[in-house]
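Working notes for the structure below.
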Amino acid sequence: MEQVLIEIIAAAGSTLAFGIIFNLKGKKLVFASIGGALGWAIYIFFKYQNYSEPASFFCSAVGITIYSEIMARILKTPVTSTLIASLIPLVPGSGVYFTMSYFIENKSVEAAQRGIATLMITIAITLGIVMVSTFSQIYYKFRRYQTIKKKYKSRKKGLL
């Protein structure tokens, strides 16, 4: 349990550091750090529930994207400002590193295995982001359409 807490704090710290590089300030930086910690906590939760690694990353990406959509509305800022920084702990950098290392060492089988695993994680993260972002855009466009429709009907009644 103690190691899990350290990992979550490290995820928040790495997100904070990237947020500074990404030029986030004030509340945006704090909420991005919370998003990074939340994403890693979700990943660990699903990993310990015996989900596959790509499925755990998918669930984590969904959680971070939902969180970023909510924070974007609250902070009145683009979703990407929180989302990009919060995703940093999930980036499969070690997988890319070891894939290249195995290729250089002429270990083709290990390189292919590691590369496929890394690709699966990357696809899972991407699908999680795309699904939530698409749903969010559809939802808010539908809400906007309903508002415009109500205004149009009220004006039409006023003219008759």
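Identifiers in the structure tokens: chain A, B, ... in order shown; residue index from 1 per chain; ligand index from 1 in order shown.
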
Neighbours of Ser86 (chain A) within 8 Å (only C-alpha atoms; same-chain residues fewer than 5 positions away dropped), as a PDB file with N, CA and C atoms, in the first residue's frame?
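Done, and the output landed in around07.pdb:
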ATOM      1  N   THR A  15       3.783  15.069 -13.261  1.00  0.00           N
ATOM      2  CA  THR A  15       2.811  15.916 -13.966  1.00  0.00           C
ATOM      3  C   THR A  15       3.048  17.377 -13.640  1.00  0.00           C
ATOM      4  N   ALA A  32      -3.904  19.934 -13.060  1.00  0.00           N
ATOM      5  CA  ALA A  32      -3.233  18.982 -13.952  1.00  0.00           C
ATOM      6  C   ALA A  32      -2.481  17.940 -13.127  1.00  0.00           C
ATOM      7  N   SER A  33      -1.835  18.368 -12.052  1.00  0.00           N
ATOM      8  CA  SER A  33      -1.117  17.434 -11.170  1.00  0.00           C
ATOM      9  C   SER A  33      -2.079  16.442 -10.523  1.00  0.00           C
ATOM     10  N   ILE A  34      -3.215  16.948 -10.104  1.00  0.00           N
ATOM     11  CA  ILE A  34      -4.234  16.068  -9.531  1.00  0.00           C
ATOM     12  C   ILE A  34      -4.696  15.066 -10.589  1.00  0.00           C
ATOM     13  N   GLY A  35      -4.844  15.530 -11.822  1.00  0.00           N
ATOM     14  CA  GLY A  35      -5.236  14.642 -12.920  1.00  0.00           C
ATOM     15  C   GLY A  35      -4.220  13.537 -13.159  1.00  0.00           C
ATOM     16  N   GLY A  36      -2.933  13.876 -13.102  1.00  0.00           N
ATOM     17  CA  GLY A  36      -1.892  12.865 -13.264  1.00  0.00           C
ATOM     18  C   GLY A  36      -1.949  11.819 -12.158  1.00  0.00           C
ATOM     19  N   ALA A  37      -2.152  12.273 -10.927  1.00  0.00           N
ATOM     20  CA  ALA A  37      -2.259  11.350  -9.793  1.00  0.00           C
ATOM     21  C   ALA A  37      -3.513  10.486  -9.921  1.00  0.00           C
ATOM     22  N   GLY A  39      -5.089   9.663 -12.693  1.00  0.00           N
ATOM     23  CA  GLY A  39      -4.887   8.709 -13.779  1.00  0.00           C
ATOM     24  C   GLY A  39      -4.057   7.518 -13.347  1.00  0.00           C
ATOM     25  N   ILE A  64      -8.970  10.140 -16.951  1.00  0.00           N
ATOM     26  CA  ILE A  64      -8.262  11.420 -17.089  1.00  0.00           C
ATOM     27  C   ILE A  64      -8.993  12.339 -18.053  1.00  0.00           C
TER      28      ILE A  64
END

Secondary structure check, alpha helix (DSSP H) residues of region 11-134 of chain A, as a short mmCIF file (atom, residue, chain, number, x, y, z; two decimals) with N, CA, C and O atoms, in the first residue's frame:
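Saved to selection29.cif:
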data_model
loop_
_atom_site.label_atom_id
_atom_site.label_comp_id
_atom_site.auth_asym_id
_atom_site.auth_seq_id
_atom_site.Cartn_x
_atom_site.Cartn_y
_atom_site.Cartn_z
N ALA A 11 3.58 10.29 -9.64
CA ALA A 11 2.81 10.66 -10.84
C ALA A 11 2.38 12.12 -10.76
O ALA A 11 2.47 12.86 -11.76
N ALA A 12 1.94 12.55 -9.58
CA ALA A 12 1.56 13.96 -9.41
C ALA A 12 2.77 14.87 -9.59
O ALA A 12 2.68 15.92 -10.23
N GLY A 13 3.91 14.45 -9.04
CA GLY A 13 5.13 15.25 -9.17
C GLY A 13 5.62 15.35 -10.60
O GLY A 13 6.02 16.42 -11.05
N SER A 14 5.57 14.24 -11.34
CA SER A 14 6.01 14.28 -12.74
C SER A 14 5.06 15.13 -13.57
O SER A 14 5.50 15.86 -14.47
N THR A 15 3.78 15.07 -13.26
CA THR A 15 2.81 15.92 -13.97
C THR A 15 3.05 17.38 -13.64
O THR A 15 2.98 18.24 -14.52
N LEU A 16 3.35 17.67 -12.38
CA LEU A 16 3.65 19.04 -11.97
C LEU A 16 4.87 19.56 -12.73
O LEU A 16 4.85 20.68 -13.27
N ALA A 17 5.92 18.76 -12.79
CA ALA A 17 7.14 19.18 -13.49
C ALA A 17 6.88 19.41 -14.97
O ALA A 17 7.33 20.40 -15.55
N PHE A 18 6.12 18.50 -15.60
CA PHE A 18 5.81 18.69 -17.01
C PHE A 18 4.91 19.91 -17.20
O PHE A 18 5.05 20.64 -18.18
N GLY A 19 3.99 20.12 -16.27
CA GLY A 19 3.10 21.29 -16.35
C GLY A 19 3.88 22.59 -16.32
O GLY A 19 3.53 23.55 -17.01
N ILE A 20 4.95 22.64 -15.54
CA ILE A 20 5.79 23.83 -15.50
C ILE A 20 6.46 24.03 -16.86
O ILE A 20 6.49 25.13 -17.39
N ILE A 21 6.98 22.95 -17.43
CA ILE A 21 7.59 23.02 -18.75
C ILE A 21 6.55 23.41 -19.80
O ILE A 21 6.82 24.16 -20.72
N LYS A 27 -3.93 27.58 -10.80
CA LYS A 27 -4.90 26.50 -10.65
C LYS A 27 -4.74 25.42 -11.71
O LYS A 27 -4.91 24.24 -11.42
N LYS A 28 -4.43 25.82 -12.92
CA LYS A 28 -4.28 24.85 -14.01
C LYS A 28 -3.18 23.85 -13.70
O LYS A 28 -3.33 22.65 -13.94
N LEU A 29 -2.08 24.32 -13.14
CA LEU A 29 -0.97 23.45 -12.78
C LEU A 29 -1.35 22.48 -11.67
O LEU A 29 -1.06 21.29 -11.73
N VAL A 30 -2.05 22.99 -10.67
CA VAL A 30 -2.48 22.15 -9.55
C VAL A 30 -3.46 21.08 -10.03
O VAL A 30 -3.33 19.90 -9.70
N PHE A 31 -4.46 21.48 -10.82
CA PHE A 31 -5.46 20.53 -11.29
C PHE A 31 -4.89 19.52 -12.28
O PHE A 31 -5.34 18.38 -12.33
N ALA A 32 -3.90 19.93 -13.06
CA ALA A 32 -3.23 18.98 -13.95
C ALA A 32 -2.48 17.94 -13.13
O ALA A 32 -2.50 16.74 -13.45
N SER A 33 -1.83 18.37 -12.05
CA SER A 33 -1.12 17.43 -11.17
C SER A 33 -2.08 16.44 -10.52
O SER A 33 -1.78 15.25 -10.42
N ILE A 34 -3.21 16.95 -10.10
CA ILE A 34 -4.23 16.07 -9.53
C ILE A 34 -4.70 15.07 -10.59
O ILE A 34 -4.90 13.88 -10.29
N GLY A 35 -4.84 15.53 -11.82
CA GLY A 35 -5.24 14.64 -12.92
C GLY A 35 -4.22 13.54 -13.16
O GLY A 35 -4.59 12.38 -13.41
N GLY A 36 -2.93 13.88 -13.10
CA GLY A 36 -1.89 12.87 -13.26
C GLY A 36 -1.95 11.82 -12.16
O GLY A 36 -1.82 10.62 -12.41
N ALA A 37 -2.15 12.27 -10.93
CA ALA A 37 -2.26 11.35 -9.79
C ALA A 37 -3.51 10.49 -9.92
O ALA A 37 -3.48 9.27 -9.68
N LEU A 38 -4.62 11.10 -10.33
CA LEU A 38 -5.86 10.37 -10.51
C LEU A 38 -5.71 9.30 -11.59
O LEU A 38 -6.14 8.15 -11.40
N GLY A 39 -5.09 9.66 -12.69
CA GLY A 39 -4.89 8.71 -13.78
C GLY A 39 -4.06 7.52 -13.35
O GLY A 39 -4.38 6.37 -13.68
N TRP A 40 -3.00 7.78 -12.60
CA TRP A 40 -2.15 6.68 -12.15
C TRP A 40 -2.88 5.82 -11.12
O TRP A 40 -2.73 4.59 -11.11
N ALA A 41 -3.68 6.43 -10.27
CA ALA A 41 -4.46 5.68 -9.28
C ALA A 41 -5.46 4.76 -9.98
O ALA A 41 -5.64 3.60 -9.58
N ILE A 42 -6.10 5.27 -11.03
CA ILE A 42 -7.04 4.44 -11.79
C ILE A 42 -6.30 3.28 -12.44
O ILE A 42 -6.77 2.14 -12.42
N TYR A 43 -5.14 3.56 -13.02
CA TYR A 43 -4.34 2.50 -13.65
C TYR A 43 -4.00 1.42 -12.64
O TYR A 43 -4.17 0.22 -12.90
N ILE A 44 -3.52 1.81 -11.47
CA ILE A 44 -3.14 0.84 -10.44
C ILE A 44 -4.35 0.04 -9.98
O ILE A 44 -4.28 -1.18 -9.80
N PHE A 45 -5.48 0.71 -9.80
CA PHE A 45 -6.70 0.02 -9.37
C PHE A 45 -7.07 -1.10 -10.34
O PHE A 45 -7.31 -2.24 -9.93
N PHE A 46 -7.11 -0.77 -11.63
CA PHE A 46 -7.49 -1.78 -12.61
C PHE A 46 -6.41 -2.85 -12.80
O PHE A 46 -6.73 -4.01 -13.07
N LYS A 47 -5.17 -2.45 -12.64
CA LYS A 47 -4.07 -3.43 -12.73
C LYS A 47 -4.20 -4.48 -11.62
O LYS A 47 -4.03 -5.67 -11.86
N TYR A 48 -4.51 -4.03 -10.40
CA TYR A 48 -4.66 -4.96 -9.29
C TYR A 48 -5.97 -5.74 -9.32
O TYR A 48 -6.13 -6.69 -8.58
N GLU A 53 -2.90 -5.07 -19.15
CA GLU A 53 -2.22 -3.78 -19.10
C GLU A 53 -2.87 -2.76 -20.05
O GLU A 53 -3.16 -1.64 -19.63
N PRO A 54 -3.16 -3.13 -21.31
CA PRO A 54 -3.84 -2.16 -22.18
C PRO A 54 -5.21 -1.73 -21.64
O PRO A 54 -5.59 -0.57 -21.74
N ALA A 55 -5.95 -2.67 -21.06
CA ALA A 55 -7.27 -2.33 -20.51
C ALA A 55 -7.13 -1.37 -19.33
O ALA A 55 -7.93 -0.44 -19.18
N SER A 56 -6.12 -1.57 -18.51
CA SER A 56 -5.88 -0.66 -17.38
C SER A 56 -5.53 0.73 -17.88
O SER A 56 -6.02 1.74 -17.34
N PHE A 57 -4.70 0.81 -18.90
CA PHE A 57 -4.35 2.11 -19.48
C PHE A 57 -5.57 2.76 -20.14
O PHE A 57 -5.74 3.97 -20.07
N PHE A 58 -6.41 1.96 -20.78
CA PHE A 58 -7.62 2.48 -21.40
C PHE A 58 -8.53 3.12 -20.34
O PHE A 58 -8.99 4.25 -20.52
N CYS A 59 -8.78 2.40 -19.26
CA CYS A 59 -9.64 2.92 -18.19
C CYS A 59 -9.04 4.19 -17.58
O CYS A 59 -9.77 5.14 -17.28
N SER A 60 -7.75 4.21 -17.42
CA SER A 60 -7.07 5.39 -16.88
C SER A 60 -7.21 6.57 -17.82
O SER A 60 -7.49 7.70 -17.38
N ALA A 61 -7.05 6.34 -19.12
CA ALA A 61 -7.20 7.42 -20.10
C ALA A 61 -8.62 7.95 -20.11
O ALA A 61 -8.84 9.17 -20.22
N VAL A 62 -9.60 7.06 -19.98
CA VAL A 62 -11.00 7.49 -19.91
C VAL A 62 -11.21 8.38 -18.68
O VAL A 62 -11.81 9.45 -18.76
N GLY A 63 -10.69 7.94 -17.54
CA GLY A 63 -10.83 8.72 -16.31
C GLY A 63 -10.17 10.09 -16.41
O GLY A 63 -10.76 11.11 -16.01
N ILE A 64 -8.97 10.14 -16.95
CA ILE A 64 -8.26 11.42 -17.09
C ILE A 64 -8.99 12.34 -18.05
O ILE A 64 -9.11 13.54 -17.81
N THR A 65 -9.52 11.79 -19.14
CA THR A 65 -10.21 12.63 -20.12
C THR A 65 -11.51 13.18 -19.55
O THR A 65 -11.82 14.36 -19.76
N ILE A 66 -12.25 12.37 -18.82
CA ILE A 66 -13.47 12.87 -18.16
C ILE A 66 -13.10 13.97 -17.17
O ILE A 66 -13.73 15.04 -17.14
N TYR A 67 -12.08 13.73 -16.37
CA TYR A 67 -11.62 14.73 -15.41
C TYR A 67 -11.21 16.02 -16.13
O TYR A 67 -11.58 17.12 -15.70
N SER A 68 -10.49 15.91 -17.22
CA SER A 68 -10.03 17.08 -17.97
C SER A 68 -11.18 17.85 -18.59
O SER A 68 -11.17 19.08 -18.63
N GLU A 69 -12.19 17.13 -19.07
CA GLU A 69 -13.38 17.79 -19.62
C GLU A 69 -14.10 18.59 -18.54
O GLU A 69 -14.51 19.73 -18.77
N ILE A 70 -14.22 18.01 -17.37
CA ILE A 70 -14.89 18.70 -16.26
C ILE A 70 -14.07 19.92 -15.82
O ILE A 70 -14.61 21.02 -15.64
N MET A 71 -12.76 19.74 -15.66
CA MET A 71 -11.91 20.85 -15.23
C MET A 71 -11.87 21.98 -16.28
O MET A 71 -11.79 23.15 -15.92
N ALA A 72 -11.95 21.61 -17.54
CA ALA A 72 -11.95 22.63 -18.59
C ALA A 72 -13.18 23.52 -18.47
O ALA A 72 -13.10 24.74 -18.67
N ARG A 73 -14.31 22.93 -18.12
CA ARG A 73 -15.54 23.73 -17.94
C ARG A 73 -15.44 24.59 -16.69
O ARG A 73 -15.85 25.74 -16.69
N ILE A 74 -14.91 24.03 -15.62
CA ILE A 74 -14.80 24.77 -14.36
C ILE A 74 -13.79 25.90 -14.48
O ILE A 74 -14.07 27.04 -14.05
N LEU A 75 -12.62 25.61 -15.04
CA LEU A 75 -11.55 26.61 -15.13
C LEU A 75 -11.65 27.50 -16.36
O LEU A 75 -10.85 28.44 -16.51
N VAL A 79 -9.45 21.97 -22.94
CA VAL A 79 -9.31 20.64 -22.36
C VAL A 79 -7.85 20.17 -22.43
O VAL A 79 -7.34 19.54 -21.50
N THR A 80 -7.18 20.50 -23.51
CA THR A 80 -5.82 20.01 -23.73
C THR A 80 -4.83 20.49 -22.68
O THR A 80 -3.84 19.81 -22.42
N SER A 81 -5.09 21.65 -22.08
CA SER A 81 -4.14 22.15 -21.08
C SER A 81 -4.03 21.22 -19.88
O SER A 81 -2.94 21.01 -19.34
N THR A 82 -5.14 20.64 -19.48
CA THR A 82 -5.11 19.68 -18.37
C THR A 82 -4.81 18.27 -18.87
O THR A 82 -4.03 17.54 -18.26
N LEU A 83 -5.39 17.91 -20.00
CA LEU A 83 -5.30 16.54 -20.51
C LEU A 83 -3.87 16.14 -20.86
O LEU A 83 -3.40 15.08 -20.44
N ILE A 84 -3.17 16.97 -21.59
CA ILE A 84 -1.82 16.61 -22.03
C ILE A 84 -0.89 16.42 -20.84
O ILE A 84 -0.16 15.43 -20.77
N ALA A 85 -0.94 17.34 -19.91
CA ALA A 85 -0.07 17.21 -18.74
C ALA A 85 -0.45 16.00 -17.89
O ALA A 85 0.42 15.27 -17.40
N SER A 86 -1.74 15.75 -17.73
CA SER A 86 -2.19 14.63 -16.90
C SER A 86 -1.84 13.27 -17.49
O SER A 86 -1.75 12.28 -16.76
N GLY A 93 7.01 5.36 -22.28
CA GLY A 93 8.37 5.69 -22.69
C GLY A 93 9.34 4.55 -22.51
O GLY A 93 10.22 4.33 -23.35
N SER A 94 9.20 3.79 -21.43
CA SER A 94 10.13 2.68 -21.21
C SER A 94 9.94 1.60 -22.27
O SER A 94 10.90 0.97 -22.70
N GLY A 95 8.70 1.41 -22.71
CA GLY A 95 8.44 0.43 -23.76
C GLY A 95 9.14 0.80 -25.06
O GLY A 95 9.74 -0.05 -25.73
N VAL A 96 9.10 2.07 -25.41
CA VAL A 96 9.78 2.54 -26.62
C VAL A 96 11.28 2.40 -26.45
O VAL A 96 11.98 1.93 -27.37
N TYR A 97 11.78 2.77 -25.28
CA TYR A 97 13.22 2.67 -25.02
C TYR A 97 13.71 1.23 -25.16
O TYR A 97 14.70 0.94 -25.84
N PHE A 98 13.02 0.30 -24.49
CA PHE A 98 13.47 -1.09 -24.53
C PHE A 98 13.29 -1.72 -25.90
O PHE A 98 14.08 -2.57 -26.31
N THR A 99 12.27 -1.30 -26.64
CA THR A 99 12.10 -1.78 -28.01
C THR A 99 13.32 -1.40 -28.85
O THR A 99 13.90 -2.23 -29.56
N MET A 100 13.70 -0.14 -28.77
CA MET A 100 14.87 0.32 -29.53
C MET A 100 16.15 -0.35 -29.04
O MET A 100 17.01 -0.73 -29.84
N SER A 101 16.27 -0.51 -27.74
CA SER A 101 17.45 -1.16 -27.18
C SER A 101 17.58 -2.60 -27.68
O SER A 101 18.67 -3.04 -28.06
N TYR A 102 16.46 -3.33 -27.70
CA TYR A 102 16.48 -4.70 -28.20
C TYR A 102 16.83 -4.75 -29.68
O TYR A 102 17.53 -5.64 -30.13
N PHE A 103 16.34 -3.79 -30.45
CA PHE A 103 16.69 -3.74 -31.88
C PHE A 103 18.18 -3.52 -32.07
O PHE A 103 18.82 -4.17 -32.89
N ILE A 104 18.74 -2.62 -31.29
CA ILE A 104 20.18 -2.32 -31.40
C ILE A 104 21.01 -3.53 -31.01
O ILE A 104 22.06 -3.80 -31.60
N SER A 108 15.67 -9.41 -32.00
CA SER A 108 14.47 -9.09 -32.78
C SER A 108 13.19 -9.59 -32.13
O SER A 108 12.17 -8.90 -32.16
N VAL A 109 13.21 -10.78 -31.56
CA VAL A 109 12.00 -11.34 -30.96
C VAL A 109 11.56 -10.50 -29.77
O VAL A 109 10.37 -10.13 -29.65
N GLU A 110 12.51 -10.17 -28.88
CA GLU A 110 12.18 -9.34 -27.72
C GLU A 110 11.72 -7.96 -28.15
O GLU A 110 10.80 -7.39 -27.58
N ALA A 111 12.37 -7.40 -29.17
CA ALA A 111 12.01 -6.08 -29.68
C ALA A 111 10.58 -6.09 -30.21
O ALA A 111 9.80 -5.17 -29.95
N ALA A 112 10.24 -7.13 -30.96
CA ALA A 112 8.89 -7.23 -31.51
C ALA A 112 7.85 -7.37 -30.41
O ALA A 112 6.81 -6.71 -30.44
N GLN A 113 8.15 -8.20 -29.41
CA GLN A 113 7.21 -8.39 -28.29
C GLN A 113 7.00 -7.08 -27.54
O GLN A 113 5.86 -6.69 -27.24
N ARG A 114 8.09 -6.42 -27.22
CA ARG A 114 8.00 -5.17 -26.46
C ARG A 114 7.33 -4.08 -27.30
O ARG A 114 6.53 -3.30 -26.79
N GLY A 115 7.65 -4.05 -28.59
CA GLY A 115 7.05 -3.06 -29.48
C GLY A 115 5.55 -3.24 -29.62
O GLY A 115 4.79 -2.26 -29.59
N ILE A 116 5.10 -4.48 -29.74
CA ILE A 116 3.66 -4.76 -29.84
C ILE A 116 2.95 -4.38 -28.55
O ILE A 116 1.86 -3.77 -28.57
N ALA A 117 3.55 -4.73 -27.41
CA ALA A 117 2.94 -4.36 -26.12
C ALA A 117 2.84 -2.84 -25.98
O ALA A 117 1.81 -2.32 -25.54
N THR A 118 3.88 -2.14 -26.39
CA THR A 118 3.88 -0.68 -26.31
C THR A 118 2.83 -0.09 -27.25
O THR A 118 2.12 0.85 -26.89
N LEU A 119 2.72 -0.66 -28.43
CA LEU A 119 1.72 -0.20 -29.39
C LEU A 119 0.31 -0.42 -28.87
O LEU A 119 -0.56 0.45 -29.02
N MET A 120 0.07 -1.55 -28.23
CA MET A 120 -1.25 -1.85 -27.65
C MET A 120 -1.61 -0.83 -26.56
O MET A 120 -2.74 -0.36 -26.49
N ILE A 121 -0.63 -0.49 -25.73
CA ILE A 121 -0.87 0.51 -24.68
C ILE A 121 -1.18 1.87 -25.31
O ILE A 121 -2.11 2.56 -24.89
N THR A 122 -0.42 2.23 -26.32
CA THR A 122 -0.63 3.52 -27.00
C THR A 122 -2.01 3.58 -27.63
O THR A 122 -2.71 4.60 -27.53
N ILE A 123 -2.42 2.51 -28.28
CA ILE A 123 -3.75 2.46 -28.89
C ILE A 123 -4.84 2.55 -27.82
O ILE A 123 -5.85 3.24 -28.01
N ALA A 124 -4.64 1.86 -26.71
CA ALA A 124 -5.62 1.89 -25.62
C ALA A 124 -5.79 3.31 -25.07
O ALA A 124 -6.92 3.77 -24.85
N ILE A 125 -4.69 3.99 -24.85
CA ILE A 125 -4.75 5.37 -24.35
C ILE A 125 -5.47 6.26 -25.36
O ILE A 125 -6.35 7.05 -25.00
N THR A 126 -5.11 6.12 -26.63
CA THR A 126 -5.73 6.93 -27.67
C THR A 126 -7.22 6.68 -27.77
O THR A 126 -8.01 7.63 -27.87
N LEU A 127 -7.64 5.42 -27.74
CA LEU A 127 -9.06 5.10 -27.81
C LEU A 127 -9.82 5.67 -26.62
O LEU A 127 -10.95 6.16 -26.78
N GLY A 128 -9.24 5.62 -25.44
CA GLY A 128 -9.90 6.19 -24.26
C GLY A 128 -10.13 7.68 -24.42
O GLY A 128 -11.22 8.19 -24.11
N ILE A 129 -9.13 8.38 -24.92
CA ILE A 129 -9.25 9.83 -25.12
C ILE A 129 -10.28 10.14 -26.19
O ILE A 129 -11.15 11.00 -26.02
N VAL A 130 -10.19 9.45 -27.32
CA VAL A 130 -11.09 9.72 -28.45
C VAL A 130 -12.54 9.43 -28.08
O VAL A 130 -13.44 10.22 -28.42
N MET A 131 -12.79 8.34 -27.40
CA MET A 131 -14.17 8.00 -27.03
C MET A 131 -14.80 9.08 -26.15
O MET A 131 -15.90 9.54 -26.42
N VAL A 132 -14.11 9.48 -25.11
CA VAL A 132 -14.67 10.48 -24.19
C VAL A 132 -14.78 11.84 -24.87
O VAL A 132 -15.79 12.52 -24.73
N SER A 133 -13.76 12.23 -25.62
CA SER A 133 -13.80 13.54 -26.29
C SER A 133 -14.93 13.60 -27.31
O SER A 133 -15.62 14.61 -27.41
N THR A 134 -15.12 12.54 -28.06
CA THR A 134 -16.19 12.50 -29.05
C THR A 134 -17.55 12.58 -28.38
O THR A 134 -18.42 13.35 -28.80
#
